[in-house]
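Visitor: I'd like to ask some things about the structure below.
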Amino acid sequence: MALPTVNVEDVRKALSNHLSKLGFEVYPLKIGWYNVVLPPSLHLSYPDDTLGAVVLSTPAMFEQAFLPFMESRGWKGVSADPIDQCVKHCINNTVSECFPGVKVDVSYDYEMLPSRKPKFLAQSAAHVAGAVYYYQRSDILDHPWGEKKMFGVCIHPRLGGWFAIRAMLVFVGSEVGSELQQTAPPDCVPTREDRIQLLEDFNLRWQDWSYRDIVPPVQTYSQKQRKYFSTPPAQRLDLLTDWGYLTGGEEDNTQEN
């Protein structure tokens with residue numbers, strides 16, 4: 001029996017209608033766009049025209065989705081990484097509600113294969129989907145670093161570095177043709193000097209977050225959100241408790257775990 005299929009505009013509209021109010025952005029792509037920029041060992045095993053979508057979180061996600069999610073959950077079911085748990089909850093609920101009967105494979109940015117390779121390369125996926133530009137040392141002529149390892153980083157044309165790539169959705173059996181055309185991501189850091197500054201800020205001074213402001217952002221993290229992400233992960237549940245978003249007690253948390 002053939003799987004139900006969907007079209008690009010149905011996916012774009014349904015996902016955006018549900019997720020944008022929670023602080024997420026959605027960018028459709030073809031799986032072939034992703035596979036062509038990566039070695040075969042990292043390819044996703046779907047036909048090239050299979051419809052996919054990359055989901056980003058914006059600064060608004062923290063107040064619009066995460067804090068209400070934590071407040072509604074209390075201690076019940078709180079995991080070691082509540083942000084990941086919230087994102088998974090939002091996306092899984094949206095997929096179940098919008099696409100009943102459609103097989104959708106969802107991979108999250110933190111998930112690994114048994115080989116310890118990531119399920120998908122988030123920055124490459126977001127770049128080929130046209131969402132953000134993935135700046136790497138190969139984008140800089142005569143870079144000054146010699147053989148020194150410099151990791152690449154994605155920059156959003158409106159948000160700078162104030163966003164995160166959260167998930168890749170693959171609509172299994174739904175293949176699209178010319179109705180989905182690839183567009184290049186906006187090159188919002190076009191000069192050599194600024195690209196050098198970006199990669200040095202990201203690799204050498206990432207904790208001061210200066211790389212995020214390489215382009216003037218229309219929105220940044222709130223002070224509460226900055227406090228949360230600056231807090232060591234092991235202490236974040238205590239911080240949420242201090243803020244009043246976790247309403248249970250230590251004993252309840254132990255029992256749930």
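Numbering starts fresh at 1 for the residues of each chain in the structure tokens, the chains themselves are lettered A, B, ... in the order given, and ligands are numbered from 1 as they appear.
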Leaving out Phe62 (chain A) and any residue of its chain fewer than 4 positions from it, which residues lie within 10 Å of it when counting only C-alpha atoms, given as a ChimeraX atom specification?

Guide: /A:22-23,57-58,66-69,83,86,221-222,224-225,228

Visitor: Take the residues from that selection and put them in a file with all heavy atoms, as a tab-separated table (two decimals), in the first residue's frame.

Guide:
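Contents of the output file selection-v2.tsv:
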chain	number	residue	atom	x	y	z
A	22	LEU	N	5.32	29.47	18.06
A	22	LEU	CA	6.16	28.95	19.15
A	22	LEU	C	7.61	29.39	19.02
A	22	LEU	O	8.45	28.99	19.81
A	22	LEU	CB	6.09	27.42	19.18
A	22	LEU	CG	4.71	26.83	19.44
A	22	LEU	CD1	4.75	25.31	19.31
A	22	LEU	CD2	4.19	27.22	20.82
A	23	GLY	N	7.90	30.21	18.00
A	23	GLY	CA	9.25	30.74	17.84
A	23	GLY	C	10.16	29.92	16.95
A	23	GLY	O	11.38	29.99	17.08
A	57	SER	N	15.10	27.33	15.60
A	57	SER	CA	14.47	28.09	16.69
A	57	SER	C	15.02	29.51	16.68
A	57	SER	O	16.20	29.73	16.47
A	57	SER	CB	14.72	27.43	18.04
A	57	SER	OG	16.10	27.42	18.37
A	58	THR	N	14.15	30.47	16.90
A	58	THR	CA	14.51	31.88	16.99
A	58	THR	C	14.58	32.26	18.47
A	58	THR	O	14.19	31.48	19.34
A	58	THR	CB	13.47	32.74	16.27
A	58	THR	OG1	12.26	32.78	17.06
A	58	THR	CG2	13.15	32.19	14.88
A	66	PHE	N	9.41	27.33	25.37
A	66	PHE	CA	10.15	26.61	26.41
A	66	PHE	C	9.64	26.88	27.82
A	66	PHE	O	9.34	25.95	28.57
A	66	PHE	CB	11.63	26.95	26.32
A	66	PHE	CG	12.46	26.30	27.40
A	66	PHE	CD1	12.55	24.92	27.48
A	66	PHE	CD2	13.14	27.05	28.35
A	66	PHE	CE1	13.30	24.30	28.47
A	66	PHE	CE2	13.89	26.46	29.34
A	66	PHE	CZ	13.96	25.08	29.41
A	67	LEU	N	9.52	28.15	28.21
A	67	LEU	CA	9.08	28.44	29.58
A	67	LEU	C	7.65	27.95	29.84
A	67	LEU	O	7.40	27.35	30.90
A	67	LEU	CB	9.24	29.92	29.89
A	67	LEU	CG	10.69	30.43	29.93
A	67	LEU	CD1	10.72	31.91	30.29
A	67	LEU	CD2	11.55	29.62	30.89
A	68	PRO	N	6.71	28.15	28.92
A	68	PRO	CA	5.38	27.55	29.15
A	68	PRO	C	5.42	26.02	29.23
A	68	PRO	O	4.68	25.43	30.03
A	68	PRO	CB	4.58	28.02	27.93
A	68	PRO	CG	5.24	29.28	27.50
A	68	PRO	CD	6.70	29.06	27.75
A	69	PHE	N	6.26	25.39	28.41
A	69	PHE	CA	6.40	23.94	28.47
A	69	PHE	C	6.89	23.49	29.84
A	69	PHE	O	6.35	22.55	30.44
A	69	PHE	CB	7.38	23.49	27.38
A	69	PHE	CG	7.77	22.03	27.44
A	69	PHE	CD1	6.93	21.06	26.93
A	69	PHE	CD2	8.98	21.64	27.99
A	69	PHE	CE1	7.29	19.71	26.98
A	69	PHE	CE2	9.36	20.32	28.05
A	69	PHE	CZ	8.51	19.35	27.53
A	83	ILE	N	15.58	21.83	27.08
A	83	ILE	CA	15.38	22.48	25.78
A	83	ILE	C	15.14	21.42	24.70
A	83	ILE	O	14.20	21.53	23.89
A	83	ILE	CB	16.60	23.35	25.40
A	83	ILE	CG1	16.63	24.62	26.26
A	83	ILE	CG2	16.57	23.71	23.91
A	83	ILE	CD1	15.68	25.72	25.84
A	86	CYS	N	11.69	20.00	25.07
A	86	CYS	CA	10.66	20.93	24.61
A	86	CYS	C	10.57	20.95	23.09
A	86	CYS	O	9.48	20.88	22.51
A	86	CYS	CB	10.95	22.33	25.13
A	86	CYS	SG	9.91	23.62	24.43
A	221	TYR	N	18.56	37.10	22.15
A	221	TYR	CA	18.06	36.41	23.33
A	221	TYR	C	17.73	37.44	24.43
A	221	TYR	O	18.46	38.41	24.62
A	221	TYR	CB	19.10	35.44	23.88
A	221	TYR	CG	19.38	34.24	23.01
A	221	TYR	CD1	20.40	33.35	23.35
A	221	TYR	CD2	18.63	33.97	21.87
A	221	TYR	CE1	20.66	32.23	22.56
A	221	TYR	CE2	18.89	32.86	21.09
A	221	TYR	CZ	19.91	31.99	21.43
A	221	TYR	OH	20.16	30.89	20.67
A	222	SER	N	16.66	37.17	25.15
A	222	SER	CA	16.32	37.99	26.31
A	222	SER	C	17.37	37.78	27.40
A	222	SER	O	18.16	36.83	27.36
A	222	SER	CB	14.94	37.60	26.83
A	222	SER	OG	14.97	36.25	27.33
A	224	LYS	N	16.82	36.79	30.37
A	224	LYS	CA	16.52	35.52	31.04
A	224	LYS	C	17.08	34.35	30.23
A	224	LYS	O	17.66	33.41	30.79
A	224	LYS	CB	15.02	35.36	31.24
A	224	LYS	CG	14.62	34.08	31.96
A	224	LYS	CD	13.15	34.10	32.37
A	224	LYS	CE	12.98	34.92	33.63
A	224	LYS	NZ	11.59	34.79	34.19
A	225	GLN	N	16.92	34.41	28.93
A	225	GLN	CA	17.44	33.35	28.07
A	225	GLN	C	18.97	33.31	28.10
A	225	GLN	O	19.56	32.23	28.14
A	225	GLN	CB	16.94	33.56	26.63
A	225	GLN	CG	17.29	32.41	25.69
A	225	GLN	CD	16.59	32.50	24.35
A	225	GLN	OE1	16.72	31.62	23.52
A	225	GLN	NE2	15.83	33.56	24.13
A	228	TYR	N	20.01	31.62	31.22
A	228	TYR	CA	19.80	30.18	31.15
A	228	TYR	C	20.95	29.50	30.41
A	228	TYR	O	21.53	28.52	30.90
A	228	TYR	CB	18.47	29.87	30.48
A	228	TYR	CG	18.18	28.38	30.39
A	228	TYR	CD1	17.61	27.69	31.45
A	228	TYR	CD2	18.51	27.65	29.24
A	228	TYR	CE1	17.37	26.33	31.39
A	228	TYR	CE2	18.26	26.29	29.16
A	228	TYR	CZ	17.69	25.64	30.23
A	228	TYR	OH	17.47	24.29	30.15

Visitor: Return as a ChimeraX atom specification the full set of residues in region 4-247 of chain A whose backbone-based DSSP assignment is strand (DSSP E or B).

Guide: /A:24-30,50-57,104-108,112,118,133-135,153-156,160,164-175

Visitor: Quick one: everything within 6 Å of region 104-108 of chain A, counting only C-alpha atoms, minus sequence neighbours fewer than 6 positions away in the same chain. Send it as a count of residues only.

Guide: 7

Visitor: For Pro39 (chain A), find every residue with an atom within 12 Å (counting only C-alpha atoms), except residues of its own chain fewer than 5 positions away, and show them as a list of chain:residue names.

Guide: A:Tyr34, A:Leu44, A:Leu121, A:Ser124

Visitor: Which residue gives the smallest distance to Leu42 (chain A) among A:Gln219, A:Ser115, A:Ser178, A:Thr183, with only C-alpha atoms counted?

Guide: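 Of A:Gln219, A:Ser115, A:Ser178, A:Thr183, the one nearest Leu42 (chain A) is A:Ser115, counting only C-alpha atoms.
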
Visitor: Residues of region 72-191 of chain A in alpha helix (DSSP H) according to DSSP, as a list in words?

Guide: Ser72, Arg73, Pro82, Ile83, Asp84, Gln85, Cys86, Val87, Lys88, His89, Cys90, Ile91, Asn92, Asn93, Thr94, Val95, Ser96, Glu97, Cys98, Ala122, Gln123, Ser124, Ala125, Ala126, His127 and Val128 of chain A

Visitor: Which residues come within 12 Å of Trp206 (chain A), counting only C-alpha atoms, excluding same-chain residues fewer than 6 positions away, as a PyMOL selection string?

Guide: chain A and resi 151+153+161+197-200+212-213+230

Visitor: Can you write out the residues you just picked, keeping C-alpha atoms, as an mmCIF file, in the first residue's frame?

Guide:
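As written to disk, selection.cif reads:
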data_model
loop_
_atom_site.group_PDB
_atom_site.id
_atom_site.type_symbol
_atom_site.label_atom_id
_atom_site.label_comp_id
_atom_site.auth_asym_id
_atom_site.auth_seq_id
_atom_site.Cartn_x
_atom_site.Cartn_y
_atom_site.Cartn_z
ATOM 1 C CA PHE A 151 35.156 25.390 12.853
ATOM 2 C CA VAL A 153 29.376 28.668 11.772
ATOM 3 C CA GLY A 161 23.925 34.110 15.336
ATOM 4 C CA GLN A 197 36.401 38.198 12.307
ATOM 5 C CA LEU A 198 33.399 35.873 12.420
ATOM 6 C CA LEU A 199 35.379 32.639 12.517
ATOM 7 C CA GLU A 200 37.863 34.003 15.041
ATOM 8 C CA ARG A 212 26.282 36.421 17.025
ATOM 9 C CA ASP A 213 26.287 40.157 16.281
ATOM 10 C CA SER A 230 25.189 30.819 30.376
#

Visitor: List as an NGL selection string the protein and nucleic acid residues near Val26 (chain A), meaning an atom at most 9 Å away when only C-alpha atoms are counted, but skip any in the same chain fewer than 4 places from it.

Guide: :A and (12 or 15-16 or 19-20 or 53-56 or 131)

Visitor: Selected residues, C-alpha atoms, written as a short mmCIF file (atom, residue, chain, number, x, y, z; two decimals), in the first residue's frame, please.

Guide:
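The result, written out as again-v7.cif:
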data_model
loop_
_atom_site.label_atom_id
_atom_site.label_comp_id
_atom_site.auth_asym_id
_atom_site.auth_seq_id
_atom_site.Cartn_x
_atom_site.Cartn_y
_atom_site.Cartn_z
CA ARG A 12 5.29 24.83 4.48
CA LEU A 15 4.41 23.57 9.80
CA SER A 16 4.66 27.35 9.80
CA LEU A 19 5.48 26.31 14.77
CA SER A 20 5.93 30.02 14.01
CA ALA A 53 12.31 20.49 6.00
CA VAL A 54 14.79 22.11 8.37
CA VAL A 55 13.46 23.64 11.58
CA LEU A 56 15.24 26.53 13.32
CA ALA A 131 17.88 29.34 5.64
#

Visitor: To one decimal place in Å, what is the distance between CA of Pro28 (chain A) and CA of Val11 (chain A)?

Guide: 8.0 Å

Visitor: Name the closest residue to Gln136 (chain A) among the candidates A:Gln85, A:Gln223, A:Ser41, A:Asn203; distances are taken between atoms, counting only C-alpha atoms.

Guide: A:Asn203

Visitor: Set the distance at 10 Å and use only C-alpha atoms: which residues neighbour Glu111 (chain A) once local chain neighbours fewer than 6 positions away are removed? I'd like the list as a list in words.

Guide: Lys117, Pro118, Lys119, Phe120 and Ala167 of chain A

Visitor: Report, in Å with one decimal, the straight-line distance from CA of Ala126 (chain A) to CA of Phe229 (chain A).

Guide: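 Distance reported for this atom pair: 22.1 Å.
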
Visitor: So, with only C-alpha atoms as the atoms that count, which of A:His89, A:Lys13, A:Lys227, A:Arg192 lies closest to Ser138 (chain A)?

Guide: A:Arg192

Visitor: I'd like the interatomic distance between CA of Leu180 (chain A) and CA of Lys30 (chain A), to a tenth of an Å.

Guide: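 Computed distance, CA of Leu180 (chain A) to CA of Lys30 (chain A), equals 7.8 Å.
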
Visitor: Restricting the calculation to only C-alpha atoms, which member of A:His18, A:Ser45, A:Asp187, A:Gly160 is positioned closest to Ser210 (chain A)?

Guide: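 That would be A:Gly160, the residue with the smallest distance to Ser210 (chain A).
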